[in-house]
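First comes the structure, then the notes that go with it.
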There are 2 protein chains.
Amino acid sequence: MAAGQGSASEMARALDAAEARCVRSGAQLTELRRQVLALVLEADQPLGAYALLDRLKAQRPGAAPPTVYRALDFLLEQGLIHKVERLNAFIGCVEAGHDHGHDHDHAHDHQFLICGSCGATIELSDHAVAHALADAARRVGFQLRKTTVEAEGLCAACLAAGAGAAVAASPG
Amino acid sequence: MAAGQGSASEMARALDAAEARCVRSGAQLTELRRQVLALVLEADQPLGAYALLDRLKAQRPGAAPPTVYRALDFLLEQGLIHKVERLNAFIGCVEAGHDHGHDHDHAHDHQFLICGSCGATIELSDHAVAHALADAARRVGFQLRKTTVEAEGLCAACLAAGAGAAVAASPG
DNA sequence: GCGAATTCGGTTACTATATAACGCGGGTGC
DNA sequence: GCACCCGCGTTATATAGTAACCGAATTCGC
């Protein structure tokens, strides 16, 4: 388990928060976009566009790649989801789950820790990391626009379960 | 301009250094691998696998995707090149250009700053960034194995040239 | 020398990821 | 009514990456 919404009510709350966010920014969270967002949020790990497409087809038989990519582009723009570049996969943004009214429309800096054993992906919002990177960029005169910080390794649960050995030893 | 070798002699030196590195680790820098490495190094920006393939075909008409991917895998393993995840592209490792004999075979932590205007990609080896990320991971009990830190923005040269406006205005 | 094992790379075919381009229908403004 | 924009269906295609099989060259053991 990693990121999935634990219950239907949590999901409903998250979708409502997303709706509110879109209204505030003058965007429309249409039925399709809502469906795709729900699929991303209910997964307990990042899902690829085609995995999402497969699931979307259950509700929307005619769905094709552009269907899901357009929805994903929208959700990315709205900051409701993130793309995990190392996995070519998409995951809900933890920040978006809160419906506090003040706009933190700024692209919040985040980092991902991806467990190579269980696939859990943890989103961090570590200020020190963001600051260090901003510092390093400034030192060479580079103006940051968007940062991608992702790490692969082993999560605490898998470490405790001795996954370090399991990963090396077992094929499955 | 960003990463390309400035001259034939620099290139030769870099290839010799790569050769030495491979010898030390018991690997073979074959003709194919050398060709692909040269193509990566002579580019002034990260190149995709298929761009490399196109260029490789000039020297090796029969080349196909596996040809270039196998060479790239080898070069990545040897730490001679890096993959830029955001671009699905490959770039020479600045560290590999130096032929100092001591083994820093450890995967050196690096960061990329990608200019959205000119495509230049700057490799940093900022300790503070690496340390901050390691710290953040440790705090949540996550064991790091490989980190990917990439940022998109504007390089100093493009900022000076007023690229901030140019990026918004001109298509080129 | 001869065969087994390994490494390298050519070749074919395929999977996965992502986008281009066209068109339709429904709203909005005038 | 009509021009316009938006959302989305639809078809086709581009780009990225792998699987699987094969043969040549080298090395190793004997």
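By convention here, the chains of the structure tokens are called A, B, ... in the order presented, each chain's residues are numbered starting at 1, and ligands are numbered starting at 1 in the order presented.
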
Problem set entry | Filtered DSSP result for chain A, state alpha helix (DSSP H), as a PyMOL selection string | chain A and resi 8-24+31-42+49-59+65-77+127-139+156-160+163-169

For this session: Could you please select, counting only C-alpha atoms (C1' of nucleotides), the residues of chain D within 12 Å of chain B and state them as a PyMOL selection string?
Result: chain D and resi 14-20

Using all heavy atoms, can you export the residues from the last selection as a short mmCIF file (atom, residue, chain, number, x, y, z; two decimals), in the first residue's frame?
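again_18.cif written:
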```cif
data_model
loop_
_atom_site.label_atom_id
_atom_site.label_comp_id
_atom_site.auth_asym_id
_atom_site.auth_seq_id
_atom_site.Cartn_x
_atom_site.Cartn_y
_atom_site.Cartn_z
P DA D 14 4.63 8.30 -39.27
OP1 DA D 14 4.82 9.20 -40.42
OP2 DA D 14 4.95 6.86 -39.40
"O5'" DA D 14 5.44 8.89 -38.04
"C5'" DA D 14 5.03 10.12 -37.47
"C4'" DA D 14 5.42 10.16 -36.01
"O4'" DA D 14 4.60 9.24 -35.27
"C3'" DA D 14 6.87 9.75 -35.77
"O3'" DA D 14 7.46 10.77 -35.00
"C2'" DA D 14 6.76 8.42 -34.99
"C1'" DA D 14 5.42 8.57 -34.31
N9 DA D 14 4.74 7.32 -33.97
C8 DA D 14 4.22 6.39 -34.81
N7 DA D 14 3.65 5.36 -34.20
C5 DA D 14 3.82 5.65 -32.86
C6 DA D 14 3.44 4.94 -31.69
N6 DA D 14 2.79 3.78 -31.71
N1 DA D 14 3.78 5.51 -30.51
C2 DA D 14 4.43 6.68 -30.51
N3 DA D 14 4.83 7.42 -31.53
C4 DA D 14 4.48 6.85 -32.70
P DT D 15 9.05 10.81 -34.85
OP1 DT D 15 9.43 12.23 -34.73
OP2 DT D 15 9.66 9.95 -35.89
"O5'" DT D 15 9.31 10.13 -33.45
"C5'" DT D 15 8.78 10.73 -32.29
"C4'" DT D 15 8.93 9.79 -31.13
"O4'" DT D 15 8.10 8.63 -31.31
"C3'" DT D 15 10.36 9.26 -30.91
"O3'" DT D 15 10.71 9.62 -29.60
"C2'" DT D 15 10.22 7.75 -31.12
"C1'" DT D 15 8.77 7.54 -30.72
N1 DT D 15 8.10 6.32 -31.22
C2 DT D 15 7.54 5.46 -30.30
O2 DT D 15 7.57 5.66 -29.10
N3 DT D 15 6.91 4.37 -30.83
C4 DT D 15 6.81 4.04 -32.17
O4 DT D 15 6.22 3.03 -32.52
C5 DT D 15 7.41 4.98 -33.08
C7 DT D 15 7.34 4.72 -34.54
C6 DT D 15 8.03 6.06 -32.56
P DA D 16 12.14 9.33 -29.01
OP1 DA D 16 12.46 10.42 -28.08
OP2 DA D 16 13.05 8.99 -30.13
"O5'" DA D 16 11.87 8.01 -28.16
"C5'" DA D 16 10.95 8.06 -27.09
"C4'" DA D 16 10.92 6.74 -26.37
"O4'" DA D 16 10.19 5.78 -27.16
"C3'" DA D 16 12.30 6.13 -26.11
"O3'" DA D 16 12.36 5.81 -24.73
"C2'" DA D 16 12.33 4.88 -27.01
"C1'" DA D 16 10.86 4.53 -27.13
N9 DA D 16 10.46 3.85 -28.36
C8 DA D 16 10.71 4.24 -29.64
N7 DA D 16 10.20 3.43 -30.55
C5 DA D 16 9.59 2.45 -29.80
C6 DA D 16 8.87 1.29 -30.18
N6 DA D 16 8.65 0.94 -31.45
N1 DA D 16 8.39 0.52 -29.19
C2 DA D 16 8.61 0.88 -27.91
N3 DA D 16 9.27 1.94 -27.44
C4 DA D 16 9.74 2.69 -28.45
P DG D 17 13.67 5.11 -24.14
OP1 DG D 17 13.71 5.41 -22.71
OP2 DG D 17 14.81 5.40 -25.03
"O5'" DG D 17 13.32 3.55 -24.29
"C5'" DG D 17 12.20 3.04 -23.59
"C4'" DG D 17 12.05 1.56 -23.90
"O4'" DG D 17 11.72 1.38 -25.29
"C3'" DG D 17 13.31 0.72 -23.65
"O3'" DG D 17 13.01 -0.20 -22.63
"C2'" DG D 17 13.59 0.08 -25.01
"C1'" DG D 17 12.22 0.12 -25.68
N9 DG D 17 12.21 0.10 -27.14
C8 DG D 17 12.80 0.98 -28.02
N7 DG D 17 12.59 0.66 -29.27
C5 DG D 17 11.82 -0.49 -29.21
C6 DG D 17 11.28 -1.30 -30.25
O6 DG D 17 11.39 -1.14 -31.48
N1 DG D 17 10.56 -2.37 -29.76
C2 DG D 17 10.37 -2.64 -28.42
N2 DG D 17 9.65 -3.72 -28.11
N3 DG D 17 10.86 -1.90 -27.43
C4 DG D 17 11.58 -0.85 -27.91
P DT D 18 14.05 -1.26 -22.12
OP1 DT D 18 14.05 -1.16 -20.67
OP2 DT D 18 15.30 -1.16 -22.90
"O5'" DT D 18 13.41 -2.67 -22.48
"C5'" DT D 18 12.51 -2.75 -23.52
"C4'" DT D 18 11.96 -4.16 -23.64
"O4'" DT D 18 11.65 -4.35 -25.04
"C3'" DT D 18 12.90 -5.30 -23.26
"O3'" DT D 18 12.10 -6.37 -22.77
"C2'" DT D 18 13.59 -5.60 -24.58
"C1'" DT D 18 12.48 -5.34 -25.59
N1 DT D 18 12.94 -4.82 -26.90
C2 DT D 18 12.51 -5.45 -28.04
O2 DT D 18 11.75 -6.41 -28.02
N3 DT D 18 12.99 -4.92 -29.21
C4 DT D 18 13.84 -3.84 -29.35
O4 DT D 18 14.20 -3.47 -30.46
C5 DT D 18 14.25 -3.22 -28.12
C7 DT D 18 15.17 -2.04 -28.16
C6 DT D 18 13.79 -3.73 -26.96
P DA D 19 12.77 -7.71 -22.23
OP1 DA D 19 12.16 -7.95 -20.91
OP2 DA D 19 14.23 -7.63 -22.37
"O5'" DA D 19 12.26 -8.81 -23.25
"C5'" DA D 19 11.09 -8.58 -24.03
"C4'" DA D 19 10.77 -9.80 -24.88
"O4'" DA D 19 11.09 -9.52 -26.26
"C3'" DA D 19 11.56 -11.05 -24.53
"O3'" DA D 19 10.75 -12.17 -24.85
"C2'" DA D 19 12.79 -10.94 -25.42
"C1'" DA D 19 12.20 -10.33 -26.68
N9 DA D 19 13.10 -9.45 -27.42
C8 DA D 19 13.95 -8.50 -26.91
N7 DA D 19 14.63 -7.85 -27.82
C5 DA D 19 14.20 -8.41 -29.01
C6 DA D 19 14.55 -8.15 -30.35
N6 DA D 19 15.44 -7.23 -30.71
N1 DA D 19 13.93 -8.89 -31.31
C2 DA D 19 13.03 -9.80 -30.94
N3 DA D 19 12.63 -10.13 -29.71
C4 DA D 19 13.26 -9.39 -28.79
P DA D 20 11.21 -13.66 -24.48
OP1 DA D 20 9.98 -14.41 -24.20
OP2 DA D 20 12.32 -13.60 -23.50
"O5'" DA D 20 11.81 -14.18 -25.86
"C5'" DA D 20 11.10 -13.87 -27.06
"C4'" DA D 20 11.84 -14.48 -28.23
"O4'" DA D 20 12.67 -13.47 -28.85
"C3'" DA D 20 12.77 -15.64 -27.85
"O3'" DA D 20 12.61 -16.64 -28.84
"C2'" DA D 20 14.15 -15.01 -27.88
"C1'" DA D 20 13.99 -13.99 -29.01
N9 DA D 20 14.90 -12.86 -28.97
C8 DA D 20 15.44 -12.26 -27.87
N7 DA D 20 16.25 -11.26 -28.15
C5 DA D 20 16.24 -11.20 -29.53
C6 DA D 20 16.87 -10.37 -30.45
N6 DA D 20 17.70 -9.38 -30.09
N1 DA D 20 16.65 -10.58 -31.76
C2 DA D 20 15.82 -11.57 -32.12
N3 DA D 20 15.15 -12.43 -31.34
C4 DA D 20 15.40 -12.19 -30.05
#
```

Hey, could you make a per-residue contact list for chain C against chain B with 10 Å as the cut-off, showing the nearest pair of atoms and its distance in Å to one decimal, counting only C-alpha atoms (C1' of nucleotides), sorted by chain and number, as CSV?
```
residue,atom,partner,partner_atom,distance
C:DT7,C1',B:Gln28,CA,10.0
C:DC8,C1',B:Thr30,CA,8.8
C:DG9,C1',B:Thr67,CA,7.0
C:DG10,C1',B:Gly62,CA,7.4
C:DT11,C1',B:Ala64,CA,8.3
```

Using N, CA, C and O atoms (P, O5', C5', C4', C3', O3' and C1' of nucleotides), can you export the residues from the last selection as a PDB file, in the first residue's frame?
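Final output, saved to again38.pdb:
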```
ATOM      1  P    DT C   7      29.770 -14.003 -20.334  1.00  0.00           P
ATOM      2  O5'  DT C   7      30.183 -13.207 -21.657  1.00  0.00           O
ATOM      3  C5'  DT C   7      31.569 -13.101 -22.003  1.00  0.00           C
ATOM      4  C4'  DT C   7      31.685 -12.389 -23.328  1.00  0.00           C
ATOM      5  C3'  DT C   7      30.750 -11.169 -23.455  1.00  0.00           C
ATOM      6  O3'  DT C   7      31.503 -10.096 -23.993  1.00  0.00           O
ATOM      7  C1'  DT C   7      30.454 -12.621 -25.275  1.00  0.00           C
ATOM      8  P    DC C   8      30.935  -8.623 -23.977  1.00  0.00           P
ATOM      9  O5'  DC C   8      30.545  -8.405 -25.506  1.00  0.00           O
ATOM     10  C5'  DC C   8      31.576  -8.488 -26.500  1.00  0.00           C
ATOM     11  C4'  DC C   8      30.942  -8.553 -27.864  1.00  0.00           C
ATOM     12  C3'  DC C   8      29.909  -7.463 -28.127  1.00  0.00           C
ATOM     13  O3'  DC C   8      30.423  -6.588 -29.128  1.00  0.00           O
ATOM     14  C1'  DC C   8      29.193  -9.614 -28.895  1.00  0.00           C
ATOM     15  P    DG C   9      29.656  -5.284 -29.529  1.00  0.00           P
ATOM     16  O5'  DG C   9      28.690  -5.776 -30.701  1.00  0.00           O
ATOM     17  C5'  DG C   9      29.261  -6.307 -31.880  1.00  0.00           C
ATOM     18  C4'  DG C   9      28.173  -6.968 -32.708  1.00  0.00           C
ATOM     19  C3'  DG C   9      26.975  -6.056 -33.041  1.00  0.00           C
ATOM     20  O3'  DG C   9      26.621  -6.262 -34.391  1.00  0.00           O
ATOM     21  C1'  DG C   9      26.240  -8.073 -32.157  1.00  0.00           C
ATOM     22  P    DG C  10      26.024  -5.101 -35.275  1.00  0.00           P
ATOM     23  O5'  DG C  10      25.302  -5.909 -36.451  1.00  0.00           O
ATOM     24  C5'  DG C  10      25.992  -6.988 -37.083  1.00  0.00           C
ATOM     25  C4'  DG C  10      24.977  -7.981 -37.617  1.00  0.00           C
ATOM     26  C3'  DG C  10      23.749  -7.359 -38.258  1.00  0.00           C
ATOM     27  O3'  DG C  10      23.431  -8.077 -39.444  1.00  0.00           O
ATOM     28  C1'  DG C  10      23.075  -8.802 -36.510  1.00  0.00           C
ATOM     29  P    DT C  11      22.382  -7.460 -40.472  1.00  0.00           P
ATOM     30  O5'  DT C  11      20.999  -8.041 -39.960  1.00  0.00           O
ATOM     31  C5'  DT C  11      20.787  -9.463 -40.006  1.00  0.00           C
ATOM     32  C4'  DT C  11      19.457  -9.805 -39.376  1.00  0.00           C
ATOM     33  C3'  DT C  11      18.295  -8.877 -39.760  1.00  0.00           C
ATOM     34  O3'  DT C  11      17.450  -9.585 -40.647  1.00  0.00           O
ATOM     35  C1'  DT C  11      18.249  -9.549 -37.452  1.00  0.00           C
TER      36       DT C  11
END
```

Problem set entry | 12 Å contacts from chain B to chain A using only C-alpha atoms, as a ChimeraX atom specification | /B:83-88,109-117,120-160,163-164

For this session: Within 10 Å of D:DC30, counting only C-alpha atoms (C1' of nucleotides), which residues show up once you throw out same-chain ones fewer than 2 positions away? Write them as a ChimeraX atom specification, please.
Result: /C:2-3 /D:28

Restricted to all heavy atoms, what would the selected residues look like written as a tab-separated table (two decimals), in the first residue's frame?
```tsv
chain	number	residue	atom	x	y	z
C	2	DC	P	40.30	-31.30	-35.13
C	2	DC	OP1	40.21	-32.60	-35.82
C	2	DC	OP2	40.13	-30.05	-35.88
C	2	DC	O5'	39.27	-31.28	-33.93
C	2	DC	C5'	39.18	-32.43	-33.08
C	2	DC	C4'	38.25	-32.10	-31.94
C	2	DC	O4'	38.94	-31.29	-30.97
C	2	DC	C3'	36.99	-31.32	-32.34
C	2	DC	O3'	35.86	-32.07	-31.95
C	2	DC	C2'	37.10	-30.00	-31.59
C	2	DC	C1'	38.05	-30.34	-30.45
C	2	DC	N1	38.86	-29.21	-29.97
C	2	DC	C2	38.93	-28.94	-28.59
C	2	DC	O2	38.29	-29.65	-27.81
C	2	DC	N3	39.69	-27.90	-28.15
C	2	DC	C4	40.38	-27.14	-29.02
C	2	DC	N4	41.13	-26.15	-28.56
C	2	DC	C5	40.32	-27.42	-30.43
C	2	DC	C6	39.57	-28.44	-30.86
C	3	DG	P	34.42	-31.69	-32.48
C	3	DG	OP1	33.74	-32.92	-32.92
C	3	DG	OP2	34.57	-30.54	-33.39
C	3	DG	O5'	33.75	-31.21	-31.13
C	3	DG	C5'	33.58	-32.16	-30.08
C	3	DG	C4'	33.31	-31.41	-28.79
C	3	DG	O4'	34.41	-30.51	-28.52
C	3	DG	C3'	32.03	-30.56	-28.81
C	3	DG	O3'	31.35	-30.78	-27.59
C	3	DG	C2'	32.56	-29.14	-28.93
C	3	DG	C1'	33.87	-29.26	-28.16
C	3	DG	N9	34.86	-28.22	-28.47
C	3	DG	C8	35.30	-27.86	-29.72
C	3	DG	N7	36.20	-26.93	-29.69
C	3	DG	C5	36.36	-26.65	-28.33
C	3	DG	C6	37.21	-25.71	-27.68
C	3	DG	O6	38.01	-24.93	-28.18
C	3	DG	N1	37.05	-25.77	-26.30
C	3	DG	C2	36.20	-26.60	-25.64
C	3	DG	N2	36.18	-26.52	-24.31
C	3	DG	N3	35.40	-27.49	-26.23
C	3	DG	C4	35.54	-27.45	-27.58
D	28	DC	P	40.65	-17.72	-20.81
D	28	DC	OP1	40.63	-16.87	-19.61
D	28	DC	OP2	41.89	-17.92	-21.59
D	28	DC	O5'	40.09	-19.17	-20.41
D	28	DC	C5'	38.72	-19.30	-20.04
D	28	DC	C4'	38.36	-20.78	-20.03
D	28	DC	O4'	38.13	-21.23	-21.38
D	28	DC	C3'	39.45	-21.68	-19.45
D	28	DC	O3'	38.93	-22.38	-18.32
D	28	DC	C2'	39.84	-22.60	-20.60
D	28	DC	C1'	38.61	-22.55	-21.50
D	28	DC	N1	38.92	-22.74	-22.95
D	28	DC	C2	38.18	-23.68	-23.69
D	28	DC	O2	37.30	-24.34	-23.12
D	28	DC	N3	38.47	-23.84	-25.00
D	28	DC	C4	39.42	-23.12	-25.58
D	28	DC	N4	39.64	-23.30	-26.88
D	28	DC	C5	40.17	-22.15	-24.85
D	28	DC	C6	39.89	-21.99	-23.56
```

Exercise. Can you list, as number ranges by chain, every residue of stretch 12-161 of chain B that DSSP puts in strand (DSSP E)?
Worked result: B: 81-84, 89-92, 111-115, 121-124, 143-154

Can you tell me which residues surround stretch 4-6 of chain C at a distance of at most 9 Å, considering only C-alpha atoms (C1' of nucleotides), apart from same-chain residues fewer than 6 positions away, and format the answer as a PDB file with N, CA, C and O atoms (P, O5', C5', C4', C3', O3' and C1' of nucleotides), in the first residue's frame?
```
ATOM      1  P    DT D  26      38.663 -13.645 -32.815  1.00  0.00           P
ATOM      2  O5'  DT D  26      38.559 -14.073 -31.290  1.00  0.00           O
ATOM      3  C5'  DT D  26      37.977 -13.161 -30.346  1.00  0.00           C
ATOM      4  C4'  DT D  26      37.767 -13.860 -29.023  1.00  0.00           C
ATOM      5  C3'  DT D  26      39.020 -14.586 -28.486  1.00  0.00           C
ATOM      6  O3'  DT D  26      39.421 -13.952 -27.282  1.00  0.00           O
ATOM      7  C1'  DT D  26      37.039 -15.903 -28.247  1.00  0.00           C
ATOM      8  P    DT D  27      40.770 -14.515 -26.568  1.00  0.00           P
ATOM      9  O5'  DT D  27      40.172 -15.509 -25.488  1.00  0.00           O
ATOM     10  C5'  DT D  27      39.064 -15.105 -24.683  1.00  0.00           C
ATOM     11  C4'  DT D  27      38.611 -16.278 -23.819  1.00  0.00           C
ATOM     12  C3'  DT D  27      39.765 -17.052 -23.169  1.00  0.00           C
ATOM     13  O3'  DT D  27      39.493 -17.184 -21.779  1.00  0.00           O
ATOM     14  C1'  DT D  27      38.266 -18.518 -24.241  1.00  0.00           C
ATOM     15  P    DC D  28      40.650 -17.720 -20.811  1.00  0.00           P
ATOM     16  O5'  DC D  28      40.090 -19.166 -20.408  1.00  0.00           O
ATOM     17  C5'  DC D  28      38.717 -19.303 -20.037  1.00  0.00           C
ATOM     18  C4'  DC D  28      38.357 -20.778 -20.028  1.00  0.00           C
ATOM     19  C3'  DC D  28      39.446 -21.676 -19.449  1.00  0.00           C
ATOM     20  O3'  DC D  28      38.933 -22.384 -18.325  1.00  0.00           O
ATOM     21  C1'  DC D  28      38.608 -22.548 -21.502  1.00  0.00           C
ATOM     22  P    DG D  29      39.977 -23.204 -17.409  1.00  0.00           P
ATOM     23  O5'  DG D  29      39.641 -24.723 -17.798  1.00  0.00           O
ATOM     24  C5'  DG D  29      38.288 -25.148 -17.788  1.00  0.00           C
ATOM     25  C4'  DG D  29      38.186 -26.509 -18.456  1.00  0.00           C
ATOM     26  C3'  DG D  29      39.262 -27.495 -17.988  1.00  0.00           C
ATOM     27  O3'  DG D  29      38.635 -28.720 -17.621  1.00  0.00           O
ATOM     28  C1'  DG D  29      39.227 -27.365 -20.358  1.00  0.00           C
TER      29       DG D  29
END
```

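Near B:Glu42, within 10 Å and counting only C-alpha atoms (C1' of nucleotides), sit Ala3, Gly4, Gln5, Gly6, Ser7, Ala8, Glu10, Met11, Val36, Leu37, Ile91 and Gly92 of chain B, not including residues fewer than 5 positions from it in the same chain.
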
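From atom C1' of D:DG23 back to atom CA of B:Arg55, the distance works out to 25.7 Å.
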